[in-house]
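A.B. asks: Below is upload03.pdb; it holds PDB, C-alpha atoms.
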```
ATOM      1  CA  MET I 273       0.000   0.000   0.000
ATOM      2  CA  ASN I 274       2.749   2.487   0.949
ATOM      3  CA  GLU I 275       4.629   1.699  -2.271
ATOM      4  CA  LYS I 276       1.593   2.773  -4.286
ATOM      5  CA  PHE I 277       1.464   6.127  -2.493
ATOM      6  CA  GLU I 278       5.240   6.518  -2.787
ATOM      7  CA  LYS I 279       5.173   6.017  -6.567
ATOM      8  CA  ALA I 280       2.296   8.459  -6.977
ATOM      9  CA  GLY I 281       4.073  11.028  -4.810
ATOM     10  CA  LYS I 282       7.269  10.615  -6.789
ATOM     11  CA  GLY I 283       5.408  11.040 -10.094
ATOM     12  CA  LEU I 284       3.700  14.186  -8.802
ATOM     13  CA  ARG I 285       7.071  15.532  -7.670
ATOM     14  CA  PHE I 286       8.383  15.223 -11.254
ATOM     15  CA  LEU I 287       5.295  17.048 -12.532
ATOM     16  CA  PHE I 288       5.842  19.761  -9.913
ATOM     17  CA  LEU I 289       9.460  20.190 -11.031
ATOM     18  CA  ALA I 290       8.325  20.413 -14.659
ATOM     19  CA  GLN I 291       5.943  23.260 -13.794
ATOM     20  CA  ILE I 292       8.586  25.147 -11.795
ATOM     21  CA  LEU I 293      11.036  24.795 -14.693
ATOM     22  CA  ALA I 294       8.317  26.043 -17.058
ATOM     23  CA  LEU I 295       8.094  29.229 -14.989
ATOM     24  CA  VAL I 296      11.897  29.577 -15.033
ATOM     25  CA  THR I 297      11.861  29.075 -18.818
ATOM     26  CA  ILE I 298       9.441  31.963 -19.254
ATOM     27  CA  VAL I 299      11.721  34.279 -17.298
ATOM     28  CA  VAL I 300      14.925  33.052 -18.985
ATOM     29  CA  ALA I 301      13.403  33.485 -22.455
ATOM     30  CA  PHE I 302      13.682  37.267 -22.080
ATOM     31  CA  ILE I 303      17.495  37.097 -22.010
ATOM     32  CA  PRO I 304      18.826  37.406 -25.582
ATOM     33  CA  VAL I 305      20.712  34.434 -27.078
ATOM     34  CA  LEU I 306      21.937  32.779 -23.856
ATOM     35  CA  GLY I 307      18.388  32.817 -22.489
ATOM     36  CA  TRP I 308      17.039  31.289 -25.669
ATOM     37  CA  ILE I 309      19.597  28.476 -25.530
ATOM     38  CA  ALA I 310      18.880  27.881 -21.843
ATOM     39  CA  GLY I 311      15.162  28.023 -22.629
ATOM     40  CA  LEU I 312      15.570  25.339 -25.270
ATOM     41  CA  VAL I 313      17.494  23.088 -22.874
ATOM     42  CA  LEU I 314      14.935  23.679 -20.115
ATOM     43  CA  SER I 315      12.111  22.911 -22.560
ATOM     44  CA  VAL I 316      13.637  19.514 -23.284
ATOM     45  CA  VAL I 317      13.992  18.819 -19.550
ATOM     46  CA  ILE I 318      10.355  19.864 -18.994
ATOM     47  CA  PHE I 319       9.251  17.598 -21.818
ATOM     48  CA  VAL I 320      11.044  14.641 -20.232
ATOM     49  CA  LEU I 321       9.703  15.380 -16.732
ATOM     50  CA  GLU I 322       6.113  15.723 -17.986
ATOM     51  CA  LEU I 323       6.368  12.277 -19.572
ATOM     52  CA  TYR I 324       8.356  10.709 -16.748
ATOM     53  CA  GLY I 325       6.015  11.869 -13.925
ATOM     54  CA  PRO I 326       2.952   9.904 -15.093
ATOM     55  CA  TYR I 327       5.245   7.057 -16.194
ATOM     56  CA  VAL I 328       6.657   6.681 -12.663
ATOM     57  CA  ALA I 329       3.183   6.829 -11.104
ATOM     58  CA  ARG I 330       1.459   4.618 -13.692
ATOM     59  CA  SER I 331       1.359   1.491 -11.536
ATOM     60  CA  SER I 332      -0.180   3.302  -8.551
ATOM     61  CA  HIS I 333      -3.464   4.168 -10.317
ATOM     62  CA  PRO I 334      -4.908   3.465 -13.796
ATOM     63  CA  ASN I 335      -5.461   7.171 -14.471
ATOM     64  CA  PHE I 336      -1.744   7.870 -14.105
ATOM     65  CA  GLN I 337      -1.229   5.378 -16.920
ATOM     66  CA  ASN I 338      -3.949   7.169 -18.912
ATOM     67  CA  ALA I 339      -2.136  10.460 -18.229
ATOM     68  CA  PHE I 340       1.072   8.926 -19.571
ATOM     69  CA  TYR I 341      -0.672   7.871 -22.790
ATOM     70  CA  ALA I 342      -2.325  11.288 -23.078
ATOM     71  CA  SER I 343       1.114  12.895 -22.663
ATOM     72  CA  ILE I 344       2.380  10.847 -25.596
ATOM     73  CA  ALA I 345      -0.692  11.953 -27.571
ATOM     74  CA  ALA I 346       0.123  15.578 -26.657
ATOM     75  CA  VAL I 347       3.598  15.159 -28.151
ATOM     76  CA  ILE I 348       2.106  13.780 -31.368
ATOM     77  CA  VAL I 349      -0.457  16.600 -31.542
ATOM     78  CA  GLY I 350       2.329  19.121 -30.938
ATOM     79  CA  ILE I 351       4.362  17.738 -33.822
ATOM     80  CA  ILE I 352       1.354  17.764 -36.153
ATOM     81  CA  SER I 353       0.438  21.307 -35.016
ATOM     82  CA  ALA I 354       3.843  22.561 -36.124
ATOM     83  CA  PHE I 355       2.761  22.023 -39.729
ATOM     84  CA  PHE I 356      -0.288  24.294 -39.389
ATOM     85  CA  GLN I 357       0.522  27.850 -38.390
ATOM     86  CA  GLU I 358      -2.766  29.514 -39.367
ATOM     87  CA  GLY I 359      -6.186  28.835 -40.786
ATOM     88  CA  PHE I 360      -8.812  26.224 -40.068
ATOM     89  CA  MET I 361      -6.369  23.362 -39.403
ATOM     90  CA  ALA I 362      -4.378  25.482 -36.927
ATOM     91  CA  GLY I 363      -7.601  26.206 -35.033
ATOM     92  CA  LEU I 364      -8.589  22.558 -35.137
ATOM     93  CA  MET I 365      -5.181  21.543 -33.783
ATOM     94  CA  ASP I 366      -5.573  24.147 -30.998
ATOM     95  CA  ILE I 367      -8.868  22.515 -30.028
ATOM     96  CA  VAL I 368      -7.343  19.023 -30.055
ATOM     97  CA  SER I 369      -4.346  20.278 -28.061
ATOM     98  CA  SER I 370      -6.648  21.885 -25.475
ATOM     99  CA  LEU I 371      -8.648  18.661 -25.119
ATOM    100  CA  VAL I 372      -5.550  16.492 -24.725
ATOM    101  CA  GLY I 373      -4.082  18.936 -22.191
ATOM    102  CA  PHE I 374      -7.308  18.813 -20.207
ATOM    103  CA  CYS I 375      -7.286  15.000 -20.311
ATOM    104  CA  ILE I 376      -3.790  14.931 -18.828
ATOM    105  CA  THR I 377      -4.810  17.271 -16.009
ATOM    106  CA  TYR I 378      -8.038  15.346 -15.413
ATOM    107  CA  PHE I 379      -6.296  11.960 -15.255
ATOM    108  CA  VAL I 380      -3.541  13.195 -12.939
ATOM    109  CA  CYS I 381      -5.932  15.055 -10.632
ATOM    110  CA  THR I 382      -8.476  12.237 -10.385
ATOM    111  CA  ALA I 383      -5.776   9.622  -9.774
ATOM    112  CA  ALA I 384      -4.046  11.738  -7.147
ATOM    113  CA  GLY I 385      -7.384  12.731  -5.622
ATOM    114  CA  GLU I 386      -8.503   9.132  -5.220
ATOM    115  CA  LEU I 387      -5.179   8.096  -3.700
ATOM    116  CA  LEU I 388      -5.208  11.096  -1.356
ATOM    117  CA  ALA I 389      -8.766  10.250  -0.269
ATOM    118  CA  GLU I 390      -7.728   6.634   0.302
ATOM    119  CA  LYS I 391      -4.826   7.872   2.403
ATOM    120  CA  GLY I 392      -7.138  10.162   4.379
ATOM    121  CA  ASP I 393      -5.957  13.563   3.072
ATOM    122  CA  THR I 394      -9.420  14.845   2.175
ATOM    123  CA  GLU I 395      -8.285  18.477   1.861
ATOM    124  CA  GLN I 396      -5.880  17.717  -0.994
ATOM    125  CA  ALA I 397      -8.343  15.250  -2.531
ATOM    126  CA  ALA I 398     -10.966  18.019  -2.678
ATOM    127  CA  ARG I 399      -8.408  20.401  -4.172
ATOM    128  CA  ALA I 400      -7.729  17.862  -6.949
ATOM    129  CA  GLY I 401     -11.419  17.933  -7.876
ATOM    130  CA  LEU I 402     -11.480  21.734  -7.884
ATOM    131  CA  ILE I 403      -8.423  21.966 -10.119
ATOM    132  CA  TRP I 404      -9.630  19.620 -12.851
ATOM    133  CA  LYS I 405     -13.000  21.399 -12.851
ATOM    134  CA  LEU I 406     -11.269  24.783 -13.272
ATOM    135  CA  TYR I 407      -9.250  23.313 -16.130
ATOM    136  CA  ALA I 408     -12.482  21.994 -17.678
ATOM    137  CA  ILE I 409     -13.940  25.505 -17.643
ATOM    138  CA  CYS I 410     -10.741  26.933 -19.163
ATOM    139  CA  THR I 411     -10.754  24.257 -21.867
ATOM    140  CA  VAL I 412     -14.361  24.944 -22.807
ATOM    141  CA  VAL I 413     -13.711  28.703 -22.976
ATOM    142  CA  SER I 414     -10.541  28.133 -25.008
ATOM    143  CA  ILE I 415     -12.435  25.976 -27.501
ATOM    144  CA  LEU I 416     -15.235  28.539 -27.703
ATOM    145  CA  CYS I 417     -12.666  31.272 -28.334
ATOM    146  CA  THR I 418     -11.195  29.259 -31.185
ATOM    147  CA  LEU I 419     -14.641  28.608 -32.648
ATOM    148  CA  THR I 420     -15.717  32.250 -32.369
ATOM    149  CA  GLY I 421     -12.465  33.257 -34.012
ATOM    150  CA  TRP I 422     -13.761  31.598 -37.163
ATOM    151  CA  ILE I 423     -16.751  33.971 -37.137
ATOM    152  CA  PRO I 424     -15.470  37.550 -37.659
ATOM    153  CA  VAL I 425     -18.538  39.201 -36.089
ATOM    154  CA  LEU I 426     -17.810  37.514 -32.758
ATOM    155  CA  ASN I 427     -14.177  38.675 -32.410
ATOM    156  CA  ILE I 428     -15.019  41.130 -29.596
ATOM    157  CA  LEU I 429     -16.746  38.388 -27.634
ATOM    158  CA  MET I 430     -13.695  36.201 -28.180
ATOM    159  CA  GLY I 431     -11.416  38.899 -26.750
ATOM    160  CA  VAL I 432     -13.477  39.302 -23.570
ATOM    161  CA  ALA I 433     -13.752  35.533 -23.105
ATOM    162  CA  ALA I 434      -9.999  35.141 -23.662
ATOM    163  CA  ILE I 435      -9.225  37.686 -20.929
ATOM    164  CA  ILE I 436     -11.548  35.991 -18.444
ATOM    165  CA  SER I 437     -10.202  32.579 -19.411
ATOM    166  CA  GLY I 438      -6.642  33.829 -19.021
ATOM    167  CA  ILE I 439      -7.306  34.967 -15.457
ATOM    168  CA  VAL I 440      -9.024  31.702 -14.509
ATOM    169  CA  SER I 441      -6.216  29.734 -16.220
ATOM    170  CA  LEU I 442      -3.567  31.593 -14.220
ATOM    171  CA  VAL I 443      -5.372  30.866 -10.947
ATOM    172  CA  ALA I 444      -5.827  27.212 -11.946
ATOM    173  CA  TYR I 445      -2.145  26.936 -12.913
ATOM    174  CA  ILE I 446      -0.980  28.349  -9.578
ATOM    175  CA  LEU I 447      -3.336  26.002  -7.727
ATOM    176  CA  LEU I 448      -2.038  23.086  -9.815
ATOM    177  CA  ILE I 449       1.584  23.835  -8.918
ATOM    178  CA  ILE I 450       0.712  24.083  -5.226
ATOM    179  CA  PHE I 451      -1.360  20.894  -5.490
ATOM    180  CA  TYR I 452       1.486  18.943  -7.115
ATOM    181  CA  TYR I 453       3.796  20.000  -4.294
ATOM    182  CA  LYS I 454       1.413  19.337  -1.398
ATOM    183  CA  ALA I 455      -0.028  16.118  -2.852
ATOM    184  CA  SER I 456       3.475  14.819  -3.553
ATOM    185  CA  ASN I 457       4.541  15.489   0.033
ATOM    186  CA  SER I 458       1.354  13.959   1.414
ATOM    187  CA  LEU I 459       1.606  10.772  -0.625
ATOM    188  CA  LYS I 460       5.339  10.341  -0.052
ATOM    189  CA  ALA I 461       4.777  10.646   3.708
ATOM    190  CA  ALA I 462       2.342   7.719   3.711
TER     191      ALA I 462
END
```
What does the file become when written as C-alpha cells?

C.D. replies:
Amino acid sequence: MNEKFEKAGKGLRFLFLAQILALVTIVVAFIPVLGWIAGLVLSVVIFVLELYGPYVARSSHPNFQNAFYASIAAVIVGIISAFFQEGFMAGLMDIVSSLVGFCITYFVCTAAGELLAEKGDTEQAARAGLIWKLYAICTVVSILCTLTGWIPVLNILMGVAAIISGIVSLVAYILLIIFYYKASNSLKAA
C-alpha cells in the first residue's frame, strides 16, 4: 500500500518540477541568445519530466497510466500542429491540443485525488477535484474562443472571453503547482 502512495508522490514531484522549470523558462526566455539556448534546454527537460512523472506513477493508479498515454498523444499533436501555423487546421489543432491537455490534467488530478482520499488527506483530494473542474472551464472557454475566431462578427466576444479565461487559467495553474507539491509530500509521507 505504501509503495503505491510513494510512486504516486514521486510522479507528482516530477510534474511539480516540470511546472517550476516552465516558470523559469518563461523568465529566462527574455534574455537574448543565452536565455534562448537555456530556454531550449529547459524545454527539453520539462518535456522529459512531464512524460516521466505519469510514467513513474502509472502502476499506482490506472489514471496515471492514462495520463502517460495522453502525454504521448500531446507530443504527437504538438508535432502535427507545427505544420499548421494559421487557418482552419491550426484552429482545429488548438482545439485538439486543449482537449488532450485537459485530459492529462483530469487523469492526474483524479488519480491523485482518489489516492489522497484513500490515504485520508481529504483536503488535498478536494483540491484535486477543484483543479480539474477549473481546467475543464478553461478548456471549454478556449475551444469557444477558437470557434468564435472563425466567425469575424464575434471577435469582440472572443477577446473578452480570452481575458476571463486567461485569469481563470492563471489561478488554476498556480493552484495546480501548489497541489502537485502538497499532494506529492502527502503521498510520499504515507

A.B. asks: Selected by the PyMOL selection byres ((chain I and resi 450) around 12) in the shown coordinates: which residues, as a CSV table (one decimal) with C-alpha atoms, keeping the file's coordinate frame?

C.D. replies:
```csv
chain,number,residue,atom,x,y,z
I,284,LEU,CA,3.7,14.2,-8.8
I,285,ARG,CA,7.1,15.5,-7.7
I,287,LEU,CA,5.3,17.0,-12.5
I,288,PHE,CA,5.8,19.8,-9.9
I,289,LEU,CA,9.5,20.2,-11.0
I,291,GLN,CA,5.9,23.3,-13.8
I,292,ILE,CA,8.6,25.1,-11.8
I,396,GLN,CA,-5.9,17.7,-1.0
I,399,ARG,CA,-8.4,20.4,-4.2
I,400,ALA,CA,-7.7,17.9,-6.9
I,403,ILE,CA,-8.4,22.0,-10.1
I,443,VAL,CA,-5.4,30.9,-10.9
I,444,ALA,CA,-5.8,27.2,-11.9
I,445,TYR,CA,-2.1,26.9,-12.9
I,446,ILE,CA,-1.0,28.3,-9.6
I,447,LEU,CA,-3.3,26.0,-7.7
I,448,LEU,CA,-2.0,23.1,-9.8
I,449,ILE,CA,1.6,23.8,-8.9
I,451,PHE,CA,-1.4,20.9,-5.5
I,452,TYR,CA,1.5,18.9,-7.1
I,453,TYR,CA,3.8,20.0,-4.3
I,454,LYS,CA,1.4,19.3,-1.4
I,455,ALA,CA,0.0,16.1,-2.9
I,456,SER,CA,3.5,14.8,-3.6
I,457,ASN,CA,4.5,15.5,0.0
```

A.B. asks: Given the file shown, enumerate the residues that the PyMOL selection byres ((chain I and resi 277) around 7) captures and present them as a VMD selection string.

C.D. replies: chain I and resid 273 to 276 278 to 281 332 459 to 460 462

A.B. asks: Compare I:Phe286, I:Phe379, I:Trp308, I:Phe302 by their minimum atom-to-atom distance to Tyr341 (chain I), counting only C-alpha atoms, and give me the closest one.

C.D. replies: I:Phe379

A.B. asks: Using only C-alpha atoms, can you list as a ChimeraX atom specification the residues within 10 Å of (-9.7, 20.8, -15.3)?

C.D. replies: /I:373-379,381-382,400-412,441,444,448

A.B. asks: Mind telling me what the PyMOL selection byres ((chain I and resi 353) around 10) catches here, as a PyMOL selection string?

C.D. replies: chain I and resi 347-352+354-358+361-366+368-369

A.B. asks: How many Å separate CA of Val313 (chain I) from CA of Gly438 (chain I)?

C.D. replies: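 Separating CA of Val313 (chain I) from CA of Gly438 (chain I) is a distance of 26.7 Å.
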
A.B. asks: Find the smallest box with edges along x, y and z containing every listed atom of region 342-361 of chain I, then add 8 Å on each side and report centre and edge lengths in Å to one decimal, as AutoDock Vina command-line options.

C.D. replies:
```
--center_x -2.2 --center_y 20.2 --center_z -31.7 --size_x 29.2 --size_y 34.7 --size_z 34.1
```

A.B. asks: Pick out the closest residue to Phe340 (chain I) from this set: I:Leu321, I:Ala398, I:Ile298, I:Val432. Count all atoms listed in the file.

C.D. replies: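 Checking each of I:Leu321, I:Ala398, I:Ile298, I:Val432 against Phe340 (chain I), counting all atoms listed in the file, the winner is I:Leu321.
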
A.B. asks: Which of these residues is nearest to Ser370 (chain I), using only C-alpha atoms: I:Asn335, I:Thr297, I:Ser414, I:Ser315?

C.D. replies: I:Ser414

A.B. asks: Can you list, as a list in words, every protein, DNA or RNA residue that comes within 12 Å of Leu312 (chain I) when you count all atoms listed in the file, leaving out same-chain residues fewer than 4 positions away?

C.D. replies: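 Everything that qualifies: Leu293, Ala294, Val296, Thr297, Ile298, Val300, Ala301, Val305, Leu306, Gly307, Trp308, Val316, Val317, Ile318 and Phe319 of chain I.
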
A.B. asks: What is the CA of Lys282 (chain I)-CA of Leu314 (chain I) distance in Å, reported with one decimal?

C.D. replies: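 Going from CA of Lys282 (chain I) over to CA of Leu314 (chain I), I get 20.2 Å.
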
A.B. asks: Have a look at CA of Thr418 (chain I) and CA of Ile439 (chain I) and let me know their distance in Å, one decimal.

C.D. replies: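 So the answer is 17.2 Å.
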
A.B. asks: Can you pull out every residue within 10 Å of Gly392 (chain I), counting all atoms listed in the file, but drop anything in the same chain fewer than 5 positions away, and send it as a ChimeraX atom specification?

C.D. replies: /I:386-387,397,458,462

A.B. asks: Within 12 Å of Gly431 (chain I), counting all atoms listed in the file, which residues qualify if same-chain residues fewer than 4 places away don't, as an NGL selection string?

C.D. replies: :I and (413-414 or 416-418 or 420-421 or 424-427 or 435-438)
